[in-house]
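*Asks:* Okay, here's the structure, questions in a sec.
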Amino acid sequence: MLKTLGLEYHYQYGKKIVFPEIEVKKGQRLLISGFSGCGKTTLLSLIAGALKLQAGDIKFDGHEYSKMSSLFLDKFRADHIGYIFQILNLIPFLSVSENIALGIKFSKSRKSKVANLNQEIIRLINSLGLEKEVLNTPVNRLSVGQQQRVAVARALLGKPDLILADEPTSALDTGTTKKFLNEMMETFDSTKQAIIMVSHDASIAPYFDTVIDFNNHHA
Ligand SMILES: Nc1ncnc2c1ncn2[C@@H]1O[C@H](COP(=O)(O)OP(=O)(O)OP(=O)(O)O)[C@@H](O)[C@H]1O
Ligand SMILES: [Mg+2]
C-alpha cells in the first residue's frame with residue numbers, strides 16, 4: 001500500500017535526515033522508535049503530505065507523491081490518511097464532538113463511511129474511555145490525555161486506510177493505553193486499516209507486526 005524510496009529531508013538550519021525505507025501493506029501495523037530528534041515526526045509529516053518532498057519519493061496505492069499536484073495530494077490525504085499529530089492540532093475553542101467531526105470534513109469518501117455522525121462519535125469516545133459528558137466541552141478545558149484521545153477519535157473517524165500516530169499514548173496511563181490499543185487493533189482486524197505509530201514505549205511492541213528502530217539506521 002505504501003512504500004518510501006530514498007527519502008531525505010533537510011530543514012533550513014538542521015542537518016540532513018536520511019530515512020530508512022519503510023513499507024506498509026494493507027492492514028499492517030508498524031511501530032517506529034528512535035531517539036528524540038532523529039526524524040520520526042518529519043517522516044510522518046512527509047507521508048501525510050504536510051511537508052513537501054525534497055529527495056526521494058513515496059508511493060501510495062500506485063500513486064507517486066512527486067507526481068501529484070498539491071491539490072490532489074491534499075484530497076488524497078483527506079481520503080486515505082488519519083493523522084494523530086504529536087502536538088495534537090485540535091481547535092481549542094471547538095467542542096470535543098466538533099473537533100472529532102473535522103476528521104471527515106474534507107473527504108467525501110470518509111463521510112460516506114459514517115452513517116450516523118453522532119452515534120459514531122459516541123462509539124469512538126466510548127472505545128477510548130472518554131465520558132459522554134465531555135462531548136460539548138471545548139477541548140481547551142480537557143486534560144492533555146483527554147485531548148490526545150479526541151485527536152485519536154478525529155483520525156479514526158471514517159476509517160481511513162492508513163493511520164499515522166505520533167506518540168498517541170504518551171499522556172495516557174498504562175490501563176488506558178492497553179484498552180485503547182486493544183480496541184483499535186481489534187477494529188483494524190476487520191477493517192484492514194494500516195497504522196504507522198511512533199512511540200518510545202517498548203512495552204507496546206507486541207501489538208505490532210513490525211518494529212523499526214531508527215537508531216539502528218545509518219545512512
Ligand atoms: N520546523 C523545523 N525547523 C528546523 N528544524 C526542525 C524542524 N522540525 C524538526 N527539526 C529538526 O529535525 C530533526 C528531526 O525532528 P523530528 O521532529 O522529526 O524528530 P523526532 O524523531 O520526531 O523527535 P521527538 O522524539 O522528540 O518527537 C531534529 O533535529 C529537529 O531539530
Ligand atoms: Mg516527534
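Residue numbering restarts at 1 for every chain of the C-alpha cells, chains are lettered A, B, ... in their displayed order, and ligands are numbered from 1 as they appear.
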Around ligand 1, at most 8 Å away and counting only C-alpha atoms and all ligand atoms, which residues are there? Put them as a list in words, please.
*Replies:*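 So the residues close to ligand 1 are His10, Tyr11, Gln12, Tyr13, Gly14, Lys15, Ile17, Gly34, Phe35, Ser36, Gly37, Cys38, Gly39, Lys40, Thr41, Thr42, Leu43, Gln86, Asp166 and His200 of chain A.
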*Asks:* List every residue of stretch 38-147 of chain A that DSSP, applied to the backbone of this structure, assigns to alpha helix (DSSP H), and report them as a PyMOL selection string.
*Replies:* chain A and resi 40-47+70-80+96-101+108-111+117-127+144-147
*Asks:* I need the residues from that last selection saved to file as an mmCIF file, in the first residue's frame (with C-alpha atoms), if you can.
*Replies:*
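Saved the output as out23.cif:
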data_model
loop_
_atom_site.group_PDB
_atom_site.id
_atom_site.type_symbol
_atom_site.label_atom_id
_atom_site.label_comp_id
_atom_site.auth_asym_id
_atom_site.auth_seq_id
_atom_site.Cartn_x
_atom_site.Cartn_y
_atom_site.Cartn_z
ATOM 1 C CA LYS A 40 10.194 10.352 13.274
ATOM 2 C CA THR A 41 7.715 13.244 13.158
ATOM 3 C CA THR A 42 9.362 14.531 9.972
ATOM 4 C CA LEU A 43 8.774 11.155 8.309
ATOM 5 C CA LEU A 44 5.089 11.103 9.285
ATOM 6 C CA SER A 45 4.691 14.697 8.039
ATOM 7 C CA LEU A 46 6.181 13.705 4.677
ATOM 8 C CA ILE A 47 3.839 10.714 4.406
ATOM 9 C CA SER A 70 -0.609 19.731 -4.201
ATOM 10 C CA LEU A 71 -4.381 19.931 -4.666
ATOM 11 C CA PHE A 72 -4.577 16.227 -5.492
ATOM 12 C CA LEU A 73 -2.263 15.364 -2.590
ATOM 13 C CA ASP A 74 -4.488 17.334 -0.155
ATOM 14 C CA LYS A 75 -7.550 15.427 -1.297
ATOM 15 C CA PHE A 76 -5.670 12.124 -1.351
ATOM 16 C CA ARG A 77 -4.519 12.654 2.224
ATOM 17 C CA ALA A 78 -8.005 13.640 3.431
ATOM 18 C CA ASP A 79 -9.473 10.476 1.886
ATOM 19 C CA HIS A 80 -6.824 7.958 2.904
ATOM 20 C CA VAL A 96 -14.970 17.603 21.577
ATOM 21 C CA SER A 97 -17.592 16.449 19.060
ATOM 22 C CA GLU A 98 -16.877 19.377 16.703
ATOM 23 C CA ASN A 99 -13.167 18.566 16.749
ATOM 24 C CA ILE A 100 -13.808 14.884 16.050
ATOM 25 C CA ALA A 101 -16.188 15.736 13.197
ATOM 26 C CA LYS A 108 -16.482 12.628 0.739
ATOM 27 C CA SER A 109 -15.327 9.028 0.845
ATOM 28 C CA ARG A 110 -14.751 9.094 4.611
ATOM 29 C CA LYS A 111 -18.076 10.908 5.145
ATOM 30 C CA LEU A 117 -22.198 11.016 12.832
ATOM 31 C CA ASN A 118 -23.322 11.484 16.449
ATOM 32 C CA GLN A 119 -23.611 7.765 17.026
ATOM 33 C CA GLU A 120 -20.168 7.126 15.548
ATOM 34 C CA ILE A 121 -18.579 9.889 17.647
ATOM 35 C CA ILE A 122 -20.118 8.403 20.788
ATOM 36 C CA ARG A 123 -18.902 4.925 19.817
ATOM 37 C CA LEU A 124 -15.380 6.256 19.310
ATOM 38 C CA ILE A 125 -15.144 8.180 22.566
ATOM 39 C CA ASN A 126 -16.568 5.202 24.443
ATOM 40 C CA SER A 127 -13.949 2.908 22.986
ATOM 41 C CA VAL A 144 -3.731 16.529 27.775
ATOM 42 C CA GLY A 145 -4.564 12.816 27.970
ATOM 43 C CA GLN A 146 -8.224 13.537 27.220
ATOM 44 C CA GLN A 147 -7.252 15.821 24.327
#
*Asks:* Please return, as a list in words, all residues of stretch 97-168 of chain A that DSSP assigns to strand (DSSP E or B) on the basis of the backbone.
*Replies:*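 Those in stretch 97-168 of chain A that DSSP calls strand (DSSP E or B) are Pro138, Leu162, Ile163, Leu164, Ala165 and Asp166 of chain A.
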*Asks:* For the atom pair atom CA of A:Glu167 and atom CA of A:Ser199, what is the interatomic distance in Å to one decimal place?
*Replies:* 4.9 Å
*Asks:* Find the residue from A:Asp213, A:Asp173, A:Glu21, A:Glu64 that sits nearest to A:Met197; use only C-alpha atoms when measuring.
*Replies:*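 Closest residue, counting only C-alpha atoms: A:Asp213.
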*Asks:* My list of candidates is A:Pro206, A:Gly82, A:Gly6, A:Gly129. Which is closest to A:Met185 when distances are computed with only C-alpha atoms?
*Replies:*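 The answer is A:Pro206, which sits nearest to A:Met185.
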*Asks:* Please list as a ChimeraX atom specification every residue within 10 Å of A:Thr169, counting only C-alpha atoms and excluding residues in the same chain fewer than 4 positions away.
*Replies:* /A:86,145,148-149,152,165,173-174,176-178,180-181,198-201
*Asks:* Just to be explicit: take each residue in the selection above, keep C-alpha atoms, and write the result as a PDB file, in the first residue's frame.
*Replies:*
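That gives us result01.pdb:
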ATOM      1  CA  GLN A  86       2.334  14.801  18.297  1.00  0.00           C
ATOM      2  CA  GLY A 145      -4.564  12.816  27.970  1.00  0.00           C
ATOM      3  CA  GLN A 148      -4.982  13.105  22.978  1.00  0.00           C
ATOM      4  CA  ARG A 149      -7.967  10.760  22.757  1.00  0.00           C
ATOM      5  CA  VAL A 152      -7.263   9.859  18.045  1.00  0.00           C
ATOM      6  CA  ALA A 165       0.022   8.117  15.063  1.00  0.00           C
ATOM      7  CA  ASP A 173      -1.793   5.662  31.951  1.00  0.00           C
ATOM      8  CA  THR A 174      -0.921   2.016  31.273  1.00  0.00           C
ATOM      9  CA  THR A 176      -5.940   3.351  29.249  1.00  0.00           C
ATOM     10  CA  THR A 177      -3.117   2.701  26.770  1.00  0.00           C
ATOM     11  CA  LYS A 178      -3.849  -1.030  26.792  1.00  0.00           C
ATOM     12  CA  PHE A 180      -7.005   1.885  23.548  1.00  0.00           C
ATOM     13  CA  LEU A 181      -4.558  -0.390  21.698  1.00  0.00           C
ATOM     14  CA  VAL A 198       5.723   6.357  16.718  1.00  0.00           C
ATOM     15  CA  SER A 199       6.371   5.554  20.361  1.00  0.00           C
ATOM     16  CA  HIS A 200       9.125   5.359  22.957  1.00  0.00           C
ATOM     17  CA  ASP A 201       7.144   2.783  24.928  1.00  0.00           C
TER      18      ASP A 201
END
*Asks:* Which one of A:Met1, A:Ile84, A:Leu53, A:Ala194 sits closest to ligand 2 if you count only C-alpha atoms and all ligand atoms?
*Replies:* A:Ile84
*Asks:* Enter the distance from atom CA of A:Tyr65 to atom CA of A:Tyr207, in Å, rounded to one decimal.
*Replies:*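 Going from atom CA of A:Tyr65 over to atom CA of A:Tyr207, I get 29.3 Å.
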*Asks:* What is the atom 1 (Mg, counted along the ligand's line) of ligand 2 to atom CA of A:Gly49 distance in Å?
*Replies:*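 Interatomic distance, atom 1 (Mg, counted along the ligand's line) of ligand 2 to atom CA of A:Gly49: 15.9 Å.
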*Asks:* Looking at A:Arg141, A:Lys179, A:Lys132, A:Lys67, which one is nearest to A:Phe93, with distances taken over only C-alpha atoms?
*Replies:*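 Nearest candidate to A:Phe93 out of A:Arg141, A:Lys179, A:Lys132, A:Lys67: A:Arg141.
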*Asks:* Which polymer residues have any atom within 6 Å of an atom of A:Ile163, counting only C-alpha atoms, with same-chain residues fewer than 5 positions away left out, as a ChimeraX atom specification?
*Replies:* /A:81-83,195
*Asks:* Taking into account only C-alpha atoms, which residue in the set A:Glu133, A:Ser95, A:Ile212, A:Gly27 is nearest to A:Thr187?
*Replies:*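 Going through A:Glu133, A:Ser95, A:Ile212, A:Gly27 one by one, the smallest distance to A:Thr187 is for A:Gly27.
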